[in-house]
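Visitor: One structure, pasted below without further comment.
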Amino acid sequence: MKKEKFNLTGLSCAACAARVEKAVSSLPGLLSVSVNLLKNSMMTAFDEQKLTSEAIIEAVTGSGYGAAPAESRTAREAGGEKSAAAGREAEDLKSRFLASLIFTAPLFYLAMGDMAHWPLPSFFKGPQNALILALTELLLVLPVAGINRRYFKAGLKALWQGYPNMDSLIAVGSGAAIIYGLTNVYAIGWALGHGQIHAVHEAVMNLYFESGGLILTLVTLGKFFEARAKRKTTEAVSKLVGLTPQTATVERDGRELTVATEDLAVGDLLVVRAGQTIAADGQVEEGRAAVDEATITGESLPVDKEKGAQATGSTVLQSGHLKIRVQKVGADTALAQIIRLVDEATGSKAPIARLADKISGVFVPVVFLIALGSGLFWLAQGQPVSLALSMVISVLVISCPCALGLATPTAIMVGSGQGALRGILFKSAEALERAHNLTAVVLDKTGTLTTGQAEVAGIFPAEGLEADNILALAAGLERKSEHPLGRAIVRAAEEKNLVISEALDFKQIPGAGLSGKIDGRPLYAGNLRLLNSLSADPGPLAAAAESAASGGATPIFLADSQKVLGLLTLSDQIKETSPRAVSELKALGLRVVMLTGDNPRTAAAVQSRLDIPEVFSEVLPQEKEEKIRRLQADKNIVAMVGDGVNDAPALARADVGIAIGAGTDIAMETADIVLMHSDVSDVAAAVQLSRAVMRNIKQNLFWAFFYNIIGIPVAAGAFYLVWGLKLNPMIAAAAMSLSSVTVVSNALRLRFFTPVPAGKTPEHPAAGRRPDAPHSFEKKGEMSVIKKLKIEGMSCKHCSGRVEKILSGLPGVEKATVDLEAGTAEVTVQKELADQMLTQPVTEAGYPAQVMA
């Protein structure tokens, strides 16, 4: 299977995207296709034996659009090109609008001057000058049509091919207005020649030149606002691209040279001084420095680097001096991989977008039928041609498939970008959507809740043996292991300068330990399960192992084929952020479960310190996947958070696999979400971001559907017979432009997303409390408080009912009562619930809220 990205040209709306997808989907050998209207790109996966890139391009070209393979570029080149292209599009639209306005403004003034009683030159007034007025308006509208000829060229071509799009609606709507106006120019000439003054007056009133010109001008203005807003949706990725320096200093033949970052090659020797940014990934060969790696790892404190350490591009030297041998450049660097993941996520489609896609595919043809039907209906009712044509034009112009097409990708783009800035990488839009439905989170212990940097806490040799001998033998076995505990044993032996012999016939025993031969002697290292399989009695070491486990340490026995040789206890420190992370996940209403291969006593110690409700201990790697399956069978939507090779099956089985960034490559490949900062508290942030994005998408889709469902019937004259309500084509054009801008602007609100941290309970909640401050009380064994909120914007019982429903549905809220007259709400909540968890959902629903002091 081959994955390839194509850049597309000629797309103007969701109907265009649907047309391209339909054309490409019909090709034999194609496995998947996703067109992104926002980025004008297409992601494909196909069987190289059955399909070629040329055939895909030919299919796109045959459907009336352009396509070309997206060239492989460095992050800076790709980001710069996208930014420049977006800038050119916005500037082009701005120029077209201003040029159109030069002609549209006097055109509108002339057309409306008589009715609005605006001052006009005398040679434009009266029936005798009607032809002068009409020809002047015609001469003013023609340049507007020429400036915006793109709508006619693309729209009429698509209509001719049988796949009309938004450009077709604009071209037919504005074109019909101009042509109808032109027929009335002839009508004025004929009426003047025959002395029919009444007919002259009627023909002047039916000159629709101003409608045609204003439609084109307002649509272009809307497109300009839309393009400018689209540029902001990629700001997050642009910030990431900007982290790479434009130049780098390299040492060649003993001399230092300054070269462009793009010209760096593997093997170059980088010279980096304090205050400079490392330009590429590599290994330190000389020097010592403190490096700020916050952009990649999120670590707030500088990391010391010396010879042999790995250095990552885009990180900054705070002090010191380094010489780094370049190992990865361009698209292979860590930063480029992050940008690639974000690009792929924003190029994919969320399942929620499928409904909009299906509707977009038939939207424009249906609109044409509605427009034609409305025109025929009003003619059948005996209404004049001018009114019927006005209805037709309004229907064509007000319809907006663009809003439908932009509803999902704009929110995905902004949300994925904001996640990337926080070190949360969603590998697909589908993962971003699934995360908002999670009901349970399963956490691996080692390396996820703990630092993964274990230390040897104690060595207990069997009678007659030396502690150093036990450590050296264990290190010989563990040297070939990738487990954090094994690395800790090897590190402890190296620090003591012990001789570590090589182990032969090395084997890992899943869930138990490992085995090998040192100097021809069979040795085993592992847990109590391993000893039971060997029928080895730990003797007095069993009590030491039990005591260590009760304190949260992990016991590892060393044995040969006859007896137990000793015991090593290792402690793995719990990450500082883990308690907060567990608290935040519970505050989000998620079921929190910990899985570990450790013994029950060690697991219970960690459970107690982190207050985790459910723990499964002594779980084998294959059993982790089974535990996930069992939770799913219990109707849970499960996320698995892990970092090791043995987590990969569980990550793949989970509805959402989340890999800690410091983990193994295989874990990161299997996962749906990657946490670059290696901070488990980012799991809660990822869930909150997912919920915010999905809420935004639903708002966008609601607006897009609501706008068209209401706007099209009104434009067709649904209320004309009852109330005489008729929509002017110019207002319809303005409304259509506004709908797309509204959708994109709403998505841009995600730029201000901030994760809500878990609330902190003060040590003495009643101390110094004012009489009107929230008061606490015990209920069902939990500390609760009553908080009072000031809420603005409620005007009726429907509003107060909606606010009460929102508050009552929040996790951690026990009761909510809203007072409409006072504009307040009293909410009984669990003590740890943060104020923002209450105010944010209400504010986002349109009712600004704040907790009263």
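Residues are referred to by chain and number: the chain letter is A, B, ... according to the order shown in the structure tokens, the number counts from 1 in that chain, and ligands are numbered separately from 1 in the order shown.
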What residues in segment 318-355 of chain A get the DSSP label helix (DSSP H, G or I)? Please answer as a PyMOL selection string.

Guide: chain A and resi 330-332+334-347+353-355

Visitor: If we count only C-alpha atoms and set the cut-off at 10 Å, which residues sit around Lys797 of chain A, ignoring sequence neighbours fewer than 5 positions away in its own chain? Please answer as a list in words.

Guide: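 Answer for this query is Arg802, Val803, Val818, Asp819, Leu820 and Glu821 of chain A.
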
Visitor: Looking at only C-alpha atoms, which of A:Val362, A:Met640, A:Leu570, A:Ala431 is the one that sits closest to Arg653 of chain A?

Guide: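 Among the listed residues, A:Met640 lies closest to Arg653 of chain A.
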
Visitor: As a list in words, please: the residues near Gln327 of chain A (cut-off 10 Å, only C-alpha atoms, same-chain neighbours under 6 positions excluded).

Guide: Ala265, Val266, Gly267, Asp268, Leu269, Ala280, Asp281, Gly282, Gln283, Gln310, Ala311, Thr312 and Thr333 of chain A

Visitor: Just write the chosen residues, all heavy atoms, as a PDB file, in the first residue's frame.

Guide:
```pdb
ATOM      1  N   ALA A 265      23.846  18.531   6.113  1.00  0.00           N
ATOM      2  CA  ALA A 265      23.844  17.127   5.695  1.00  0.00           C
ATOM      3  C   ALA A 265      24.226  16.250   6.873  1.00  0.00           C
ATOM      4  O   ALA A 265      24.889  16.700   7.821  1.00  0.00           O
ATOM      5  CB  ALA A 265      24.825  16.918   4.538  1.00  0.00           C
ATOM      6  N   VAL A 266      23.786  14.996   6.823  1.00  0.00           N
ATOM      7  CA  VAL A 266      24.151  14.042   7.861  1.00  0.00           C
ATOM      8  C   VAL A 266      25.677  13.921   7.895  1.00  0.00           C
ATOM      9  O   VAL A 266      26.328  13.783   6.855  1.00  0.00           O
ATOM     10  CB  VAL A 266      23.514  12.669   7.582  1.00  0.00           C
ATOM     11  CG1 VAL A 266      24.024  11.631   8.580  1.00  0.00           C
ATOM     12  CG2 VAL A 266      22.001  12.768   7.654  1.00  0.00           C
ATOM     13  N   GLY A 267      26.242  14.002   9.098  1.00  0.00           N
ATOM     14  CA  GLY A 267      27.691  13.954   9.244  1.00  0.00           C
ATOM     15  C   GLY A 267      28.328  15.296   9.494  1.00  0.00           C
ATOM     16  O   GLY A 267      29.480  15.368   9.938  1.00  0.00           O
ATOM     17  N   ASP A 268      27.606  16.388   9.217  1.00  0.00           N
ATOM     18  CA  ASP A 268      28.138  17.729   9.505  1.00  0.00           C
ATOM     19  C   ASP A 268      28.361  17.891  11.010  1.00  0.00           C
ATOM     20  O   ASP A 268      27.651  17.287  11.830  1.00  0.00           O
ATOM     21  CB  ASP A 268      27.168  18.812   9.019  1.00  0.00           C
ATOM     22  CG  ASP A 268      27.335  19.111   7.530  1.00  0.00           C
ATOM     23  OD1 ASP A 268      28.397  18.758   6.978  1.00  0.00           O
ATOM     24  OD2 ASP A 268      26.403  19.668   6.924  1.00  0.00           O
ATOM     25  N   LEU A 269      29.327  18.741  11.370  1.00  0.00           N
ATOM     26  CA  LEU A 269      29.592  19.023  12.775  1.00  0.00           C
ATOM     27  C   LEU A 269      29.057  20.415  13.114  1.00  0.00           C
ATOM     28  O   LEU A 269      29.612  21.433  12.687  1.00  0.00           O
ATOM     29  CB  LEU A 269      31.092  18.946  13.062  1.00  0.00           C
ATOM     30  CG  LEU A 269      31.496  19.021  14.543  1.00  0.00           C
ATOM     31  CD1 LEU A 269      30.926  17.831  15.316  1.00  0.00           C
ATOM     32  CD2 LEU A 269      33.019  19.067  14.683  1.00  0.00           C
ATOM     33  N   ALA A 280      19.544  20.864  13.946  1.00  0.00           N
ATOM     34  CA  ALA A 280      19.206  19.517  13.487  1.00  0.00           C
ATOM     35  C   ALA A 280      19.431  18.532  14.625  1.00  0.00           C
ATOM     36  O   ALA A 280      20.049  18.860  15.639  1.00  0.00           O
ATOM     37  CB  ALA A 280      20.050  19.135  12.275  1.00  0.00           C
ATOM     38  N   ASP A 281      18.919  17.310  14.460  1.00  0.00           N
ATOM     39  CA  ASP A 281      19.088  16.274  15.475  1.00  0.00           C
ATOM     40  C   ASP A 281      20.474  15.638  15.332  1.00  0.00           C
ATOM     41  O   ASP A 281      20.961  15.437  14.202  1.00  0.00           O
ATOM     42  CB  ASP A 281      18.036  15.176  15.316  1.00  0.00           C
ATOM     43  CG  ASP A 281      16.620  15.716  15.492  1.00  0.00           C
ATOM     44  OD1 ASP A 281      16.486  16.894  15.851  1.00  0.00           O
ATOM     45  OD2 ASP A 281      15.663  14.943  15.291  1.00  0.00           O
ATOM     46  N   GLY A 282      21.097  15.299  16.456  1.00  0.00           N
ATOM     47  CA  GLY A 282      22.406  14.670  16.382  1.00  0.00           C
ATOM     48  C   GLY A 282      22.928  14.249  17.739  1.00  0.00           C
ATOM     49  O   GLY A 282      22.204  14.283  18.743  1.00  0.00           O
ATOM     50  N   GLN A 283      24.208  13.870  17.767  1.00  0.00           N
ATOM     51  CA  GLN A 283      24.856  13.407  19.002  1.00  0.00           C
ATOM     52  C   GLN A 283      25.980  14.365  19.375  1.00  0.00           C
ATOM     53  O   GLN A 283      26.765  14.791  18.532  1.00  0.00           O
ATOM     54  CB  GLN A 283      25.404  11.996  18.813  1.00  0.00           C
ATOM     55  CG  GLN A 283      25.950  11.368  20.095  1.00  0.00           C
ATOM     56  CD  GLN A 283      26.372   9.928  19.892  1.00  0.00           C
ATOM     57  OE1 GLN A 283      27.025   9.611  18.907  1.00  0.00           O
ATOM     58  NE2 GLN A 283      25.993   9.052  20.803  1.00  0.00           N
ATOM     59  N   GLN A 310      22.163  12.767  23.216  1.00  0.00           N
ATOM     60  CA  GLN A 310      21.411  13.091  22.006  1.00  0.00           C
ATOM     61  C   GLN A 310      20.879  14.514  22.098  1.00  0.00           C
ATOM     62  O   GLN A 310      20.345  14.917  23.127  1.00  0.00           O
ATOM     63  CB  GLN A 310      20.240  12.117  21.811  1.00  0.00           C
ATOM     64  CG  GLN A 310      20.663  10.704  21.447  1.00  0.00           C
ATOM     65  CD  GLN A 310      21.334  10.624  20.091  1.00  0.00           C
ATOM     66  OE1 GLN A 310      20.894  11.235  19.125  1.00  0.00           O
ATOM     67  NE2 GLN A 310      22.433   9.872  20.012  1.00  0.00           N
ATOM     68  N   ALA A 311      21.025  15.261  21.029  1.00  0.00           N
ATOM     69  CA  ALA A 311      20.521  16.644  20.965  1.00  0.00           C
ATOM     70  C   ALA A 311      19.435  16.722  19.903  1.00  0.00           C
ATOM     71  O   ALA A 311      19.547  16.100  18.844  1.00  0.00           O
ATOM     72  CB  ALA A 311      21.645  17.604  20.628  1.00  0.00           C
ATOM     73  N   THR A 312      18.394  17.473  20.201  1.00  0.00           N
ATOM     74  CA  THR A 312      17.246  17.562  19.309  1.00  0.00           C
ATOM     75  C   THR A 312      17.149  18.945  18.687  1.00  0.00           C
ATOM     76  O   THR A 312      17.303  19.962  19.379  1.00  0.00           O
ATOM     77  CB  THR A 312      15.935  17.269  20.076  1.00  0.00           C
ATOM     78  OG1 THR A 312      16.073  16.028  20.751  1.00  0.00           O
ATOM     79  CG2 THR A 312      14.751  17.191  19.124  1.00  0.00           C
ATOM     80  N   THR A 333      13.898  15.059  11.031  1.00  0.00           N
ATOM     81  CA  THR A 333      14.095  15.553  12.385  1.00  0.00           C
ATOM     82  C   THR A 333      12.835  15.363  13.228  1.00  0.00           C
ATOM     83  O   THR A 333      11.735  15.160  12.707  1.00  0.00           O
ATOM     84  CB  THR A 333      14.460  17.049  12.382  1.00  0.00           C
ATOM     85  OG1 THR A 333      13.370  17.786  11.820  1.00  0.00           O
ATOM     86  CG2 THR A 333      15.723  17.297  11.581  1.00  0.00           C
TER      87      THR A 333
END
```

Visitor: What's the 7 Å shell around Glu430 of chain A, counting only C-alpha atoms, without same-chain residues fewer than 3 positions away, as a PDB file with C-alpha atoms, in the first residue's frame?

Guide:
```
ATOM      1  CA  LYS A 349     -11.632  13.401   8.008  1.00  0.00           C
ATOM      2  CA  ALA A 350     -13.588  12.914  11.188  1.00  0.00           C
ATOM      3  CA  PRO A 351     -16.578  10.529  11.002  1.00  0.00           C
ATOM      4  CA  GLU A 433     -13.356  12.659  17.543  1.00  0.00           C
ATOM      5  CA  ARG A 434     -13.236   9.338  19.408  1.00  0.00           C
TER       6      ARG A 434
END
```

Visitor: If we count only C-alpha atoms, what is near segment 466-478 of chain A at a cut-off of 6 Å, once residues fewer than 5 positions away on the same chain are taken out, given as a PyMOL selection string?

Guide: chain A and resi 461+486+489-490+500-503
